[in-house]
Amino acid sequence: MLHYRSLEEVTLPGSWLTVGVFDGVHRGHQQIINKLVAGAHADGLPAVVLTFDPHPAKVFGRGGIKLLTLPGERARLLGEFGVDVVITQTFDRELANTTALDFMKHLKTQLGLVRLILGYDSTLGKNREGNAARLTEIGLELGYGVETVSALGDESGVVSSTEIRKLVSVGKVEEAARLMGHPYQLQGLVTHGDSRGRTIGFPTANLEYAREKVLPAGGIYACWAYLGEERHMAAVNLGTNPTFTPDKQTLNVEAYLLDFNRDIYGEMMRLEFIARLRDELKYNSVEALIEQIRRDVEQTRQILGTA
């Protein structure tokens, strides 16, 4: 998979394309991607996804939206689903004010667009004028076909990034994973913390996470921790360590890797959230905290042993 940071970096003689934010690359997105990849490869052409950063909602002033996936994470996931080329285009006011016709002309020139695959509610161009009907009309003029993919839903409604953000933010990572089709992930560099875990026999890796990401609700989680290609069981605490620092407000992300003993400061670690074990609690003694951590570790081992 090739990942470009601008449409201007790419010139293709022909392609199948879909356009959207695709935050989270959830099951609804995957339905579009699967059709794109299958059709493009059957046609002997690359499957291309054009996505955006920052999120358009931020440019339009609709609040500080938190992301399920950063651009690099999104591109990696799209690549895992068979996409050949991902373009993360900067979204700004100039792009927002480009008409659908002008935008599609540019895509036709740069990507040799043969077929455009759209989600059921996709729109693009100034004032969101480029709906399926308008883009089909433009396609007849420019020489590309258009296909629309219907919504994916279940008993709770249409699968959406908005709903998944809500689930993650309240700690319902198992339900979020069901809608996403893969576990929620958080990644960052391992940095030095206060080293308190080491003094009680449970040394933790302190993760420096991106603040623009959705952070699961505070608590203890069973996670898979990835260091490059290595995968390790991990009991992860998202919290403020109230037993020791009751006045702290900002959440730390601290991972205790089971059966592991190595210095990993400065390494990139990726966490997959599999299950939420409990709330973070304040204990009356260090001994009580240690006993609870032992139970958390055993529960993590049991959950991931069957995952």
# chains A, B, ... in the order shown; residues from 1 in each chain; ligands from 1
$ residues_around --residues "Asp121 in chain A" --least-positions-apart "5" --cutoff "12 Å" --atoms "only C-alpha atoms" --output "PyMOL selection string"
chain A and resi 19-20+28-29+32+128-133+148-152+158+160
$ select_by_dssp --residues "range 174-268 of chain A" --states "strand (DSSP E or B)" --output "NGL selection string"
:A and (184-191 or 205-209 or 213 or 219-227 or 230-239 or 252-257 or 268)
$ write_last_selection --atoms "C-alpha atoms" --output "short mmCIF file (atom, residue, chain, number, x, y, z; two decimals), in the first residue's frame"
data_model
loop_
_atom_site.label_atom_id
_atom_site.label_comp_id
_atom_site.auth_asym_id
_atom_site.auth_seq_id
_atom_site.Cartn_x
_atom_site.Cartn_y
_atom_site.Cartn_z
CA TYR A 184 -10.08 0.08 19.10
CA GLN A 185 -6.41 1.07 19.05
CA LEU A 186 -4.19 3.61 20.74
CA GLN A 187 -0.51 4.04 19.97
CA GLY A 188 2.42 6.19 20.98
CA LEU A 189 5.94 6.28 22.34
CA VAL A 190 6.79 4.61 25.65
CA THR A 191 7.98 7.37 27.97
CA ALA A 205 5.01 1.29 30.20
CA ASN A 206 3.71 4.85 30.12
CA LEU A 207 2.19 5.61 26.68
CA GLU A 208 2.43 9.12 25.23
CA TYR A 209 -0.84 9.16 23.28
CA LYS A 213 -7.65 10.64 19.67
CA GLY A 219 -10.52 2.14 34.09
CA ILE A 220 -8.64 -1.13 33.72
CA TYR A 221 -8.59 -2.94 30.36
CA ALA A 222 -7.34 -6.19 28.92
CA CYS A 223 -5.32 -5.28 25.82
CA TRP A 224 -2.97 -6.69 23.28
CA ALA A 225 0.24 -4.63 23.20
CA TYR A 226 2.29 -4.56 20.00
CA LEU A 227 5.98 -3.68 19.84
CA GLU A 230 5.75 -8.67 18.82
CA ARG A 231 2.40 -9.16 20.56
CA HIS A 232 2.07 -9.29 24.35
CA MET A 233 -0.80 -9.57 26.82
CA ALA A 234 -1.24 -6.37 28.79
CA ALA A 235 -3.32 -5.11 31.71
CA VAL A 236 -3.76 -1.41 30.99
CA ASN A 237 -4.73 1.34 33.39
CA LEU A 238 -6.28 4.53 32.07
CA GLY A 239 -6.45 6.77 35.08
CA ASN A 252 -2.28 8.37 32.14
CA VAL A 253 -2.15 5.30 29.90
CA GLU A 254 -0.03 2.69 31.67
CA ALA A 255 0.44 -0.84 30.34
CA TYR A 256 1.69 -3.76 32.39
CA LEU A 257 2.95 -6.36 29.91
CA MET A 268 6.47 2.75 19.65
#
$ atom_distance --atom1 "CA of Gly39 in chain A" --atom2 "CA of Arg178 in chain A"
26.1 Å
$ closest_residue --among "A:Glu163, A:Asp53, A:Asp84, A:Glu141" --to "Ile33 in chain A" --atoms "only C-alpha atoms"
A:Asp84
$ closest_residue --among "A:Glu94, A:Leu251, A:Asn284, A:Ala177" --to "Arg165 in chain A" --atoms "only C-alpha atoms"
A:Ala177
$ select_by_dssp --residues "range 93-306 of chain A" --states "alpha helix (DSSP H)" --output "ChimeraX atom specification"
/A:93-96,100-111,132-142,161-169,173-180,196-199,286-305
$ closest_residue --among "A:Asp43, A:Asp102, A:Asp23, A:Asp296" --to "Arg74 in chain A" --atoms "only C-alpha atoms"
A:Asp23
$ residues_around --residues "Leu101 in chain A" --least-positions-apart "2" --cutoff "10 Å" --atoms "only C-alpha atoms" --output "PyMOL selection string"
chain A and resi 98-99+103-107+124-126+129-130+134-135+137-139+141-142
$ write_last_selection --atoms "C-alpha atoms" --output "tab-separated table (two decimals), in the first residue's frame"
chain	number	residue	atom	x	y	z
A	98	THR	CA	-14.27	23.84	-4.61
A	99	THR	CA	-17.29	22.86	-6.70
A	103	PHE	CA	-13.02	18.61	-7.85
A	104	MET	CA	-14.04	15.66	-10.03
A	105	LYS	CA	-12.17	17.12	-13.01
A	106	HIS	CA	-9.04	17.23	-10.85
A	107	LEU	CA	-9.55	13.64	-9.71
A	124	LEU	CA	-18.53	16.36	-1.73
A	125	GLY	CA	-17.87	19.78	-3.17
A	126	LYS	CA	-19.02	23.25	-2.20
A	129	GLU	CA	-23.66	19.67	-3.79
A	130	GLY	CA	-21.92	16.52	-5.00
A	134	ARG	CA	-24.90	15.04	-9.21
A	135	LEU	CA	-21.72	12.95	-9.28
A	137	GLU	CA	-24.30	13.40	-13.91
A	138	ILE	CA	-20.72	14.69	-13.81
A	139	GLY	CA	-19.47	11.16	-14.49
A	141	GLU	CA	-19.63	14.22	-18.78
A	142	LEU	CA	-16.13	13.24	-17.65
$ atom_distance --atom1 "CA of Phe273 in chain A" --atom2 "CA of Val173 in chain A"
6.4 Å
$ atom_distance --atom1 "CA of Asn261 in chain A" --atom2 "CA of Leu304 in chain A"
19.2 Å
$ closest_residue --among "A:Glu9, A:Asp92, A:Glu73, A:Glu272" --to "Phe60 in chain A" --atoms "only C-alpha atoms"
A:Asp92
$ closest_residue --among "A:Val114, A:Leu258, A:Leu215, A:Ile65" --to "Ser161 in chain A" --atoms "only C-alpha atoms"
A:Ile65
